[in-house]
>>> print(open('start10.cif').read())   # mmCIF, C-alpha atoms
data_target
#
loop_
_atom_site.group_PDB
_atom_site.id
_atom_site.type_symbol
_atom_site.label_atom_id
_atom_site.label_comp_id
_atom_site.auth_asym_id
_atom_site.auth_seq_id
_atom_site.Cartn_x
_atom_site.Cartn_y
_atom_site.Cartn_z
ATOM 1 C CA MET G 73 81.183 57.721 78.938
ATOM 2 C CA ILE G 74 82.447 61.153 77.980
ATOM 3 C CA GLN G 75 84.331 61.179 74.704
ATOM 4 C CA PRO G 76 88.019 62.324 74.778
ATOM 5 C CA ARG G 77 87.046 65.524 72.991
ATOM 6 C CA GLY G 78 84.333 66.192 75.531
ATOM 7 C CA ARG G 79 86.704 65.387 78.373
ATOM 8 C CA HIS G 80 89.141 67.986 77.107
ATOM 9 C CA ALA G 81 86.317 70.487 77.009
ATOM 10 C CA VAL G 82 85.410 69.701 80.614
ATOM 11 C CA VAL G 83 89.041 70.051 81.750
ATOM 12 C CA ALA G 84 89.359 73.326 79.843
ATOM 13 C CA LEU G 85 86.145 74.640 81.348
ATOM 14 C CA GLY G 86 87.208 73.669 84.847
ATOM 15 C CA LEU G 87 90.617 75.251 84.426
ATOM 16 C CA SER G 88 89.072 78.423 83.027
ATOM 17 C CA LEU G 89 86.759 78.612 86.010
ATOM 18 C CA ILE G 90 89.623 78.215 88.484
ATOM 19 C CA LEU G 91 91.907 80.668 86.642
ATOM 20 C CA ALA G 92 89.135 83.235 86.364
ATOM 21 C CA THR G 93 88.480 82.905 90.083
ATOM 22 C CA ILE G 94 92.151 83.345 90.949
ATOM 23 C CA ALA G 95 92.466 86.333 88.607
ATOM 24 C CA ALA G 96 89.406 87.938 90.141
ATOM 25 C CA GLY G 97 91.061 87.938 93.554
ATOM 26 C CA GLN G 98 94.213 89.749 92.496
ATOM 27 C CA GLN G 99 95.075 93.121 93.939
ATOM 28 C CA GLY G 100 95.494 96.296 91.986
ATOM 29 C CA LYS G 101 98.775 97.992 91.278
ATOM 30 C CA SER G 102 100.370 101.156 92.435
ATOM 31 C CA VAL G 103 100.005 104.231 90.281
ATOM 32 C CA ASP G 104 102.991 106.374 91.046
ATOM 33 C CA GLN G 105 104.213 108.863 88.480
ATOM 34 C CA SER G 106 105.612 111.620 90.671
ATOM 35 C CA THR G 107 109.200 111.652 91.854
ATOM 36 C CA LYS G 108 108.511 114.350 94.421
ATOM 37 C CA PRO G 109 108.841 112.893 97.926
ATOM 38 C CA ILE G 110 106.326 113.186 100.714
ATOM 39 C CA GLU G 111 108.080 114.630 103.733
ATOM 40 C CA ARG G 112 108.271 112.505 106.868
ATOM 41 C CA ASN G 113 106.245 113.733 109.828
ATOM 42 C CA SER G 114 104.209 115.983 107.583
ATOM 43 C CA ARG G 115 100.614 116.748 108.452
ATOM 44 C CA ILE G 116 98.007 115.024 106.354
ATOM 45 C CA TYR G 117 94.325 115.782 106.096
ATOM 46 C CA ILE G 118 92.043 113.004 104.857
ATOM 47 C CA ALA G 119 89.030 114.379 103.049
ATOM 48 C CA PRO G 120 85.700 112.586 103.528
ATOM 49 C CA ILE G 121 85.498 109.549 101.264
ATOM 50 C CA GLU G 122 82.314 107.704 100.360
ATOM 51 C CA GLY G 123 81.268 104.998 102.783
ATOM 52 C CA GLY G 124 83.454 106.328 105.596
ATOM 53 C CA PHE G 125 86.596 105.021 103.929
ATOM 54 C CA ASP G 126 88.517 108.034 105.300
ATOM 55 C CA THR G 127 88.098 106.691 108.843
ATOM 56 C CA PHE G 128 89.341 103.252 107.789
ATOM 57 C CA LEU G 129 92.281 104.927 106.078
ATOM 58 C CA ALA G 130 93.146 106.899 109.236
ATOM 59 C CA ALA G 131 93.078 103.660 111.256
ATOM 60 C CA ALA G 132 95.249 101.938 108.659
ATOM 61 C CA ILE G 133 97.774 104.801 108.664
ATOM 62 C CA ILE G 134 98.141 104.404 112.421
ATOM 63 C CA LYS G 135 98.254 100.616 112.242
ATOM 64 C CA LYS G 136 100.910 100.602 109.536
ATOM 65 C CA GLN G 137 102.911 103.254 111.372
ATOM 66 C CA VAL G 138 103.056 105.611 108.437
ATOM 67 C CA PRO G 139 105.349 108.450 109.564
ATOM 68 C CA VAL G 140 102.802 111.243 109.235
ATOM 69 C CA THR G 141 100.419 113.086 111.512
ATOM 70 C CA VAL G 142 96.789 112.892 110.549
ATOM 71 C CA VAL G 143 94.862 116.075 111.280
ATOM 72 C CA THR G 144 91.195 116.932 111.072
ATOM 73 C CA ASP G 145 91.698 120.549 109.963
ATOM 74 C CA ARG G 146 92.604 121.015 106.311
ATOM 75 C CA THR G 147 94.124 124.455 106.933
ATOM 76 C CA LYS G 148 96.710 122.925 109.264
ATOM 77 C CA ALA G 149 97.750 120.256 106.775
ATOM 78 C CA ASP G 150 100.658 119.992 104.347
ATOM 79 C CA TYR G 151 99.019 117.314 102.236
ATOM 80 C CA GLU G 152 95.502 116.214 101.503
ATOM 81 C CA ILE G 153 94.321 112.706 100.709
ATOM 82 C CA THR G 154 91.237 112.394 98.547
ATOM 83 C CA GLY G 155 89.818 109.338 96.901
ATOM 84 C CA ILE G 156 86.973 107.001 96.147
ATOM 85 C CA ALA G 157 86.001 103.614 97.467
ATOM 86 C CA SER G 158 83.332 101.095 96.687
ATOM 87 C CA THR G 159 82.236 97.735 97.993
ATOM 88 C CA GLU G 160 80.375 95.067 96.092
ATOM 89 C CA LYS G 161 78.694 92.323 98.052
ATOM 90 C CA ALA G 162 79.140 88.689 97.045
ATOM 91 C CA GLY G 163 76.385 87.373 94.801
ATOM 92 C CA TRP G 164 74.670 84.011 95.092
ATOM 93 C CA ALA G 165 76.861 82.527 92.357
ATOM 94 C CA LYS G 166 80.021 83.381 94.284
ATOM 95 C CA MET G 167 78.590 81.830 97.419
ATOM 96 C CA LEU G 168 77.472 78.718 95.537
ATOM 97 C CA PHE G 169 80.587 78.055 93.469
ATOM 98 C CA MET G 170 83.308 79.480 95.693
ATOM 99 C CA GLY G 171 81.713 78.908 99.058
ATOM 100 C CA VAL G 172 82.643 82.376 100.287
ATOM 101 C CA ASP G 173 80.684 85.553 100.828
ATOM 102 C CA ASN G 174 83.569 88.011 100.879
ATOM 103 C CA SER G 175 83.039 91.334 99.181
ATOM 104 C CA ASN G 176 84.898 92.926 96.292
ATOM 105 C CA ASP G 177 86.510 96.166 97.374
ATOM 106 C CA LEU G 178 87.885 98.924 95.259
ATOM 107 C CA ALA G 179 89.691 102.021 96.437
ATOM 108 C CA SER G 180 91.745 104.739 94.881
ATOM 109 C CA VAL G 181 93.489 107.558 96.709
ATOM 110 C CA LYS G 182 95.638 110.492 95.731
ATOM 111 C CA VAL G 183 97.901 112.691 97.818
ATOM 112 C CA VAL G 184 98.018 116.361 96.930
ATOM 113 C CA GLU G 185 100.598 118.803 98.237
ATOM 114 C CA LEU G 186 98.437 121.716 99.330
ATOM 115 C CA LYS G 187 101.099 124.369 98.781
ATOM 116 C CA SER G 188 101.673 123.550 95.127
ATOM 117 C CA SER G 189 98.410 121.643 94.409
ATOM 118 C CA GLU G 190 100.550 118.947 92.869
ATOM 119 C CA VAL G 191 99.484 115.320 92.988
ATOM 120 C CA VAL G 192 102.540 113.696 94.525
ATOM 121 C CA TYR G 193 101.220 110.167 94.849
ATOM 122 C CA GLY G 194 98.346 108.027 93.687
ATOM 123 C CA TYR G 195 97.416 104.465 94.429
ATOM 124 C CA ALA G 196 94.594 102.205 93.354
ATOM 125 C CA VAL G 197 93.723 98.839 94.795
ATOM 126 C CA ARG G 198 91.140 96.204 93.998
ATOM 127 C CA LYS G 199 90.531 93.333 96.352
ATOM 128 C CA GLY G 200 88.525 90.675 94.578
ATOM 129 C CA ASN G 201 87.849 88.538 97.605
ATOM 130 C CA SER G 202 88.367 90.811 100.551
ATOM 131 C CA TYR G 203 87.884 89.048 103.870
ATOM 132 C CA ARG G 204 88.086 92.250 105.884
ATOM 133 C CA GLY G 205 86.235 94.517 103.502
ATOM 134 C CA LYS G 206 87.237 98.182 103.477
ATOM 135 C CA GLN G 207 89.873 97.528 106.102
ATOM 136 C CA SER G 208 91.942 95.462 103.647
ATOM 137 C CA ALA G 209 91.801 98.105 100.940
ATOM 138 C CA ALA G 210 92.643 100.875 103.432
ATOM 139 C CA GLU G 211 95.626 98.945 104.769
ATOM 140 C CA ALA G 212 96.923 98.372 101.246
ATOM 141 C CA CYS G 213 96.736 102.125 100.606
ATOM 142 C CA ALA G 214 98.510 102.899 103.895
ATOM 143 C CA LYS G 215 101.224 100.317 103.287
ATOM 144 C CA HIS G 216 102.061 101.714 99.855
ATOM 145 C CA LEU G 217 101.921 105.283 101.130
ATOM 146 C CA LYS G 218 104.463 104.337 103.779
ATOM 147 C CA GLU G 219 106.708 102.826 101.119
ATOM 148 C CA LYS G 220 106.461 106.024 99.111
ATOM 149 C CA ILE G 221 107.390 108.173 102.131
ATOM 150 C CA GLU G 222 110.260 105.914 103.089
ATOM 151 C CA GLY G 223 111.433 105.834 99.483
ATOM 152 C CA LYS G 224 111.342 102.037 99.180
ATOM 153 C CA MET W 27 72.730 61.996 77.837
ATOM 154 C CA LYS W 28 76.212 63.395 77.145
ATOM 155 C CA HIS W 29 75.085 66.822 78.269
ATOM 156 C CA TRP W 30 73.851 65.474 81.566
ATOM 157 C CA LYS W 31 77.219 63.815 82.199
ATOM 158 C CA LEU W 32 79.006 67.047 81.350
ATOM 159 C CA PHE W 33 76.737 68.961 83.704
ATOM 160 C CA GLY W 34 77.344 66.397 86.443
ATOM 161 C CA VAL W 35 81.121 66.650 86.105
ATOM 162 C CA LEU W 36 80.982 70.447 86.150
ATOM 163 C CA LEU W 37 78.749 70.441 89.224
ATOM 164 C CA LEU W 38 81.068 68.001 90.976
ATOM 165 C CA ALA W 39 84.118 70.133 90.126
ATOM 166 C CA ALA W 40 82.358 73.249 91.397
ATOM 167 C CA THR W 41 81.376 71.497 94.638
ATOM 168 C CA VAL W 42 84.922 70.243 95.248
ATOM 169 C CA TYR W 43 86.320 73.699 94.551
ATOM 170 C CA SER W 44 83.713 75.278 96.777
ATOM 171 C CA GLU W 45 84.586 72.974 99.648
ATOM 172 C CA SER W 46 88.318 73.626 99.254
ATOM 173 C CA ALA W 47 87.680 77.378 99.269
ATOM 174 C CA ARG W 48 85.524 77.020 102.348
ATOM 175 C CA ALA W 49 88.260 75.028 104.080
ATOM 176 C CA GLN W 50 90.725 77.878 103.458
ATOM 177 C CA GLN W 51 88.282 80.374 104.900
ATOM 178 C CA PRO W 52 88.793 81.252 108.566
ATOM 179 C CA GLN W 53 85.918 80.058 110.720
ATOM 180 C CA SER W 54 83.228 82.597 111.337
ATOM 181 C CA GLN W 55 83.295 82.345 115.099
ATOM 182 C CA THR W 56 87.040 82.615 115.460
ATOM 183 C CA PRO W 57 88.305 85.611 117.419
ATOM 184 C CA PRO W 58 87.393 88.874 115.688
ATOM 185 C CA GLN W 59 89.567 90.167 112.915
ATOM 186 C CA ALA W 60 90.400 93.179 114.963
ATOM 187 C CA GLN W 61 93.320 95.334 114.147
ATOM 188 C CA THR W 62 95.781 96.553 116.697
ATOM 189 C CA PRO W 63 97.355 99.836 115.740
ATOM 190 C CA PRO W 64 100.952 99.431 116.955
ATOM 191 C CA GLN W 65 101.431 103.176 116.808
ATOM 192 C CA ALA W 66 98.659 103.657 119.291
ATOM 193 C CA GLN W 67 100.451 104.432 122.479
ATOM 194 C CA ALA W 68 98.721 105.674 125.575
ATOM 195 C CA LYS W 69 98.125 109.233 124.556
ATOM 196 C CA ILE W 70 94.782 110.054 126.092
ATOM 197 C CA PRO W 71 94.998 110.773 129.807
ATOM 198 C CA ALA W 72 92.522 108.784 131.876
ATOM 199 C CA GLY W 73 89.538 110.861 132.906
ATOM 200 C CA SER W 74 89.636 113.030 129.788
ATOM 201 C CA LYS W 75 86.360 114.373 128.520
ATOM 202 C CA VAL W 76 85.290 112.899 125.194
ATOM 203 C CA PHE W 77 82.473 113.752 122.894
ATOM 204 C CA VAL W 78 81.058 110.929 120.796
ATOM 205 C CA ALA W 79 79.836 112.401 117.524
ATOM 206 C CA ALA W 80 76.884 111.018 115.595
ATOM 207 C CA MET W 81 77.785 107.974 113.497
ATOM 208 C CA GLY W 82 74.469 106.962 112.018
ATOM 209 C CA GLY W 83 73.308 105.268 115.202
ATOM 210 C CA PHE W 84 76.608 103.554 116.025
ATOM 211 C CA GLU W 85 77.321 106.161 118.711
ATOM 212 C CA THR W 86 74.685 104.608 120.993
ATOM 213 C CA PRO W 87 76.164 101.069 121.144
ATOM 214 C CA LEU W 88 79.623 102.633 121.334
ATOM 215 C CA LYS W 89 78.726 104.730 124.399
ATOM 216 C CA LYS W 90 77.122 101.683 125.974
ATOM 217 C CA ALA W 91 80.168 99.528 125.210
ATOM 218 C CA MET W 92 82.489 102.188 126.654
ATOM 219 C CA ALA W 93 80.496 102.111 129.867
ATOM 220 C CA GLU W 94 80.397 98.293 129.957
ATOM 221 C CA LYS W 95 84.123 97.958 129.294
ATOM 222 C CA LYS W 96 84.840 100.650 131.869
ATOM 223 C CA VAL W 97 86.848 102.854 129.536
ATOM 224 C CA PRO W 98 88.301 105.500 131.879
ATOM 225 C CA LEU W 99 87.011 108.464 129.891
ATOM 226 C CA GLU W 100 84.217 110.849 130.716
ATOM 227 C CA ILE W 101 81.601 111.095 127.992
ATOM 228 C CA VAL W 102 80.142 114.570 127.606
ATOM 229 C CA GLU W 103 77.116 115.627 125.597
ATOM 230 C CA GLN W 104 78.496 118.961 124.380
ATOM 231 C CA ARG W 105 81.445 119.103 122.000
ATOM 232 C CA GLU W 106 82.580 122.410 123.541
ATOM 233 C CA GLN W 107 83.140 120.710 126.886
ATOM 234 C CA ALA W 108 85.253 117.933 125.396
ATOM 235 C CA GLU W 109 89.001 117.543 125.061
ATOM 236 C CA TYR W 110 88.701 114.742 122.528
ATOM 237 C CA GLU W 111 86.168 113.862 119.908
ATOM 238 C CA ILE W 112 85.326 110.385 118.652
ATOM 239 C CA THR W 113 84.069 110.219 115.093
ATOM 240 C CA GLY W 114 83.659 107.246 112.845
ATOM 241 C CA THR W 115 81.571 105.106 110.613
ATOM 242 C CA SER W 116 79.792 101.816 110.834
ATOM 243 C CA GLU W 117 78.196 99.514 108.302
ATOM 244 C CA SER W 118 75.966 96.548 108.835
ATOM 245 C CA LYS W 119 75.177 94.049 106.084
ATOM 246 C CA LYS W 120 72.268 91.798 106.892
ATOM 247 C CA ALA W 121 72.473 88.223 105.629
ATOM 248 C CA SER W 122 70.900 87.919 102.205
ATOM 249 C CA THR W 123 68.553 85.089 101.245
ATOM 250 C CA ALA W 124 71.410 83.511 99.270
ATOM 251 C CA LYS W 125 73.656 83.623 102.327
ATOM 252 C CA LYS W 126 70.955 82.075 104.488
ATOM 253 C CA ILE W 127 70.336 79.239 102.022
ATOM 254 C CA ILE W 128 73.837 78.591 100.705
ATOM 255 C CA MET W 129 76.065 79.569 103.622
ATOM 256 C CA LYS W 130 73.475 78.611 106.266
ATOM 257 C CA SER W 131 74.252 81.774 108.173
ATOM 258 C CA TRP W 132 71.749 84.276 109.498
ATOM 259 C CA HIS W 133 74.313 86.576 111.053
ATOM 260 C CA SER W 134 75.176 89.964 109.657
ATOM 261 C CA ASP W 135 78.581 91.207 108.557
ATOM 262 C CA GLU W 136 79.668 94.247 110.517
ATOM 263 C CA GLU W 137 82.402 96.775 110.071
ATOM 264 C CA ALA W 138 83.234 99.874 112.011
ATOM 265 C CA SER W 139 85.996 102.378 112.256
ATOM 266 C CA ILE W 140 86.553 105.111 114.810
ATOM 267 C CA LYS W 141 89.066 107.892 115.233
ATOM 268 C CA VAL W 142 89.829 109.992 118.282
ATOM 269 C CA ALA W 143 90.946 113.542 117.616
ATOM 270 C CA SER W 144 92.151 116.191 119.996
ATOM 271 C CA VAL W 145 89.661 119.051 119.870
ATOM 272 C CA LYS W 146 92.380 121.603 120.612
ATOM 273 C CA THR W 147 95.034 120.545 118.083
ATOM 274 C CA GLY W 148 92.910 118.635 115.582
ATOM 275 C CA GLU W 149 95.401 115.776 115.612
ATOM 276 C CA ILE W 150 94.145 112.230 115.411
ATOM 277 C CA VAL W 151 95.618 110.486 118.427
ATOM 278 C CA TYR W 152 94.055 107.089 117.924
ATOM 279 C CA ALA W 153 92.127 105.213 115.274
ATOM 280 C CA TYR W 154 90.847 101.687 115.061
ATOM 281 C CA SER W 155 88.892 99.619 112.580
ATOM 282 C CA VAL W 156 87.228 96.257 112.912
ATOM 283 C CA HIS W 157 85.487 93.882 110.526
ATOM 284 C CA LYS W 158 83.394 90.996 111.799
ATOM 285 C CA GLN W 159 81.918 88.413 109.506
ATOM 286 C CA ASP W 160 78.881 86.558 110.793
ATOM 287 C CA SER W 161 78.690 88.816 113.817
ATOM 288 C CA ALA W 162 76.608 87.112 116.488
ATOM 289 C CA HIS W 163 75.582 90.334 118.212
ATOM 290 C CA GLY W 164 75.549 92.749 115.284
ATOM 291 C CA GLN W 165 76.729 96.291 116.013
ATOM 292 C CA ARG W 166 77.237 95.449 119.663
ATOM 293 C CA SER W 167 80.215 93.230 118.772
ATOM 294 C CA THR W 168 82.024 95.916 116.784
ATOM 295 C CA ALA W 169 81.224 98.592 119.385
ATOM 296 C CA GLU W 170 82.662 96.404 122.134
ATOM 297 C CA ALA W 171 85.783 95.719 120.074
ATOM 298 C CA CYS W 172 86.271 99.467 119.575
ATOM 299 C CA ALA W 173 85.756 100.170 123.286
ATOM 300 C CA LYS W 174 88.080 97.381 124.380
ATOM 301 C CA HIS W 175 90.911 98.503 122.118
ATOM 302 C CA LEU W 176 90.364 102.142 123.042
ATOM 303 C CA LYS W 177 90.753 101.225 126.691
ATOM 304 C CA ASP W 178 93.756 98.921 126.203
ATOM 305 C CA GLU W 179 95.720 100.890 123.644
ATOM 306 C CA ALA W 180 94.826 104.544 123.719
ATOM 307 C CA VAL W 181 94.084 105.546 127.275
ATOM 308 C CA ALA W 182 96.916 106.126 129.688
ATOM 309 C CA ALA W 183 96.619 104.638 133.129
ATOM 310 C CA LYS W 184 96.115 107.028 136.024
#
>>> encode(input="start10.cif", output="C-alpha cells")
Amino acid sequence: MIQPRGRHAVVALGLSLILATIAAGQQGKSVDQSTKPIERNSRIYIAPIEGGFDTFLAAAIIKKQVPVTVVTDRTKADYEITGIASTEKAGWAKMLFMGVDNSNDLASVKVVELKSSEVVYGYAVRKGNSYRGKQSAAEACAKHLKEKIEGK
Amino acid sequence: MKHWKLFGVLLLAATVYSESARAQQPQSQTPPQAQTPPQAQAKIPAGSKVFVAAMGGFETPLKKAMAEKKVPLEIVEQREQAEYEITGTSESKKASTAKKIIMKSWHSDEEASIKVASVKTGEIVYAYSVHKQDSAHGQRSTAEACAKHLKDEAVAAK
C-alpha cells in the first residue's frame, strides 16, 4: 500500500499535471496602450506574415464582420497590419498524456496608422491547444480588433 | 516496490485524463471545421474572369475543385485578363510516427486560406479559411471546401 505521505505526493503530482495542462491552454491577453481610435470603414492593408497568417487574418476579418475594408495595395490604405505568427506541432508526450494532437499557436499583430506612423493597436494571442490552428489565432485577433474599432 | 505503485497510479491517472480529453475532442470525421464568413455576400458576378495565383501547389487542386463544384467563374491563365485574383496559402502536416502509434491516425492535418481581390480596386471581396484535422483526402478536401464556399457565398447568381 502507498503510505499517506506518498499518497499526498501522488495527489499533488496529479493536480500539478492537470493544472499545468489547463494553464498551457489559456489564451493570451490584449495589449492595447493607445487611446486613438481606428476609424470605421477605413482601408486596411495586411502585410505578408510568416506562414500565410495574413490570409487567415483577412478571412477572419470578414468572418467576424470587422467594419473595415481590406485592400491589397498599401498605398491605398489608411492603416497597415503587421505581425508574426508561429505554430508548434503537438509532441508525442502531449498525444500520450492528453490524447490530443492540437497545435500550439502564437500570433501577435499591430495596427499602424500610415499617415502618422503611430501604432494605434496591438494584440497578442497564444492558443495552447488550438483545434483549428492558425484560424483560431486569426479569429481572436479579428475579434479584438473589432472590439477596438467599436470602442467596446 | 513503492516506486512501482507510484508509477502505476501516475500512469493510470494519465490514462484516465487522456481518455477524458479525447472524449471532449470533436470526432475527426465530423463535418469539416469550415468557417462561413457572414460578411461574404454575393459580390462577384457569375461568369467573372478570375486568375488563380500560385500558392505553393495548392492552386492546382483548387482549380480542379472549382471545376468539379461548378463554380460559375471563368479561370484565366493571365492575370492581366482577370477581373479578380485568388491568392492564398495552404499547409499540410503529415501524420508523425507518434500520431500513427498513439492516435492511430495516418491522415494529415490540412489548413488553407484563400482571398479574392478585385484586380481593379485592390479590395478583398471574399476570404475563407478552413482547417481539417485527419483529412481523408489531404489537400483535395480543403480545396473542395474553398470552392464550395466560394460558389455558395461569394458568387452572385446570374
>>> atom_distance(input="start10.cif", atom1="CA of Val142 (chain W)", atom2="CA of Ile110 (chain G)")
24.3 Å
>>> residues_around(input="start10.cif", residues="Asp177 (chain G)", least_positions_apart="2", cutoff="10 Å", atoms="all atoms listed in the file", output="ChimeraX atom specification")
/G:99,157-161,174-175,179,197-210
>>> closest_atom_pairs(input="start10.cif", of="region 112-201 of chain G", to="region 80-94 of chain W", cutoff="12 Å", atoms="only C-alpha atoms", output="tab-separated table")
residue	atom	partner	partner_atom	distance
G:Gly123	CA	W:Gly82	CA	11.6
G:Gly124	CA	W:Met81	CA	9.9
G:Thr127	CA	W:Met81	CA	11.4
>>> interface_residues(input="start10.cif", of="chain G", to="chain W", cutoff="6 Å", atoms="only C-alpha atoms", output="PyMOL selection string")
chain G and resi 124+127-128+131+134-135+137+142-144+164+169-171+204
>>> atom_distance(input="start10.cif", atom1="CA of Ala196 (chain G)", atom2="CA of Asp145 (chain G)")
24.9 Å
>>> atom_distance(input="start10.cif", atom1="CA of Ala173 (chain W)", atom2="CA of Ile112 (chain W)")
11.2 Å
>>> closest_residue(input="start10.cif", among="G:Val183, G:Met167, G:Leu217, G:Ile133", to="Ala119 (chain G)", atoms="all atoms listed in the file")
G:Val183
>>> residues_around(input="start10.cif", residues="Val192 (chain G)", least_positions_apart="6", cutoff="8 Å", atoms="only C-alpha atoms", output="PDB file with C-alpha atoms, in the frame of the given file")
ATOM      1  CA  GLN G 105     104.213 108.863  88.480  1.00  0.00           C
ATOM      2  CA  SER G 106     105.612 111.620  90.671  1.00  0.00           C
ATOM      3  CA  THR G 107     109.200 111.652  91.854  1.00  0.00           C
ATOM      4  CA  LYS G 108     108.511 114.350  94.421  1.00  0.00           C
ATOM      5  CA  PRO G 109     108.841 112.893  97.926  1.00  0.00           C
ATOM      6  CA  ILE G 110     106.326 113.186 100.714  1.00  0.00           C
ATOM      7  CA  LYS G 182      95.638 110.492  95.731  1.00  0.00           C
ATOM      8  CA  VAL G 183      97.901 112.691  97.818  1.00  0.00           C
ATOM      9  CA  VAL G 184      98.018 116.361  96.930  1.00  0.00           C
ATOM     10  CA  GLU G 185     100.598 118.803  98.237  1.00  0.00           C
TER      11      GLU G 185
END
>>> residues_around(input="start10.cif", residues="region 114-118 of chain G", least_positions_apart="3", cutoff="7 Å", atoms="only C-alpha atoms", output="MDAnalysis selection string")
chainID G and resid 111 126 140:146 149:154
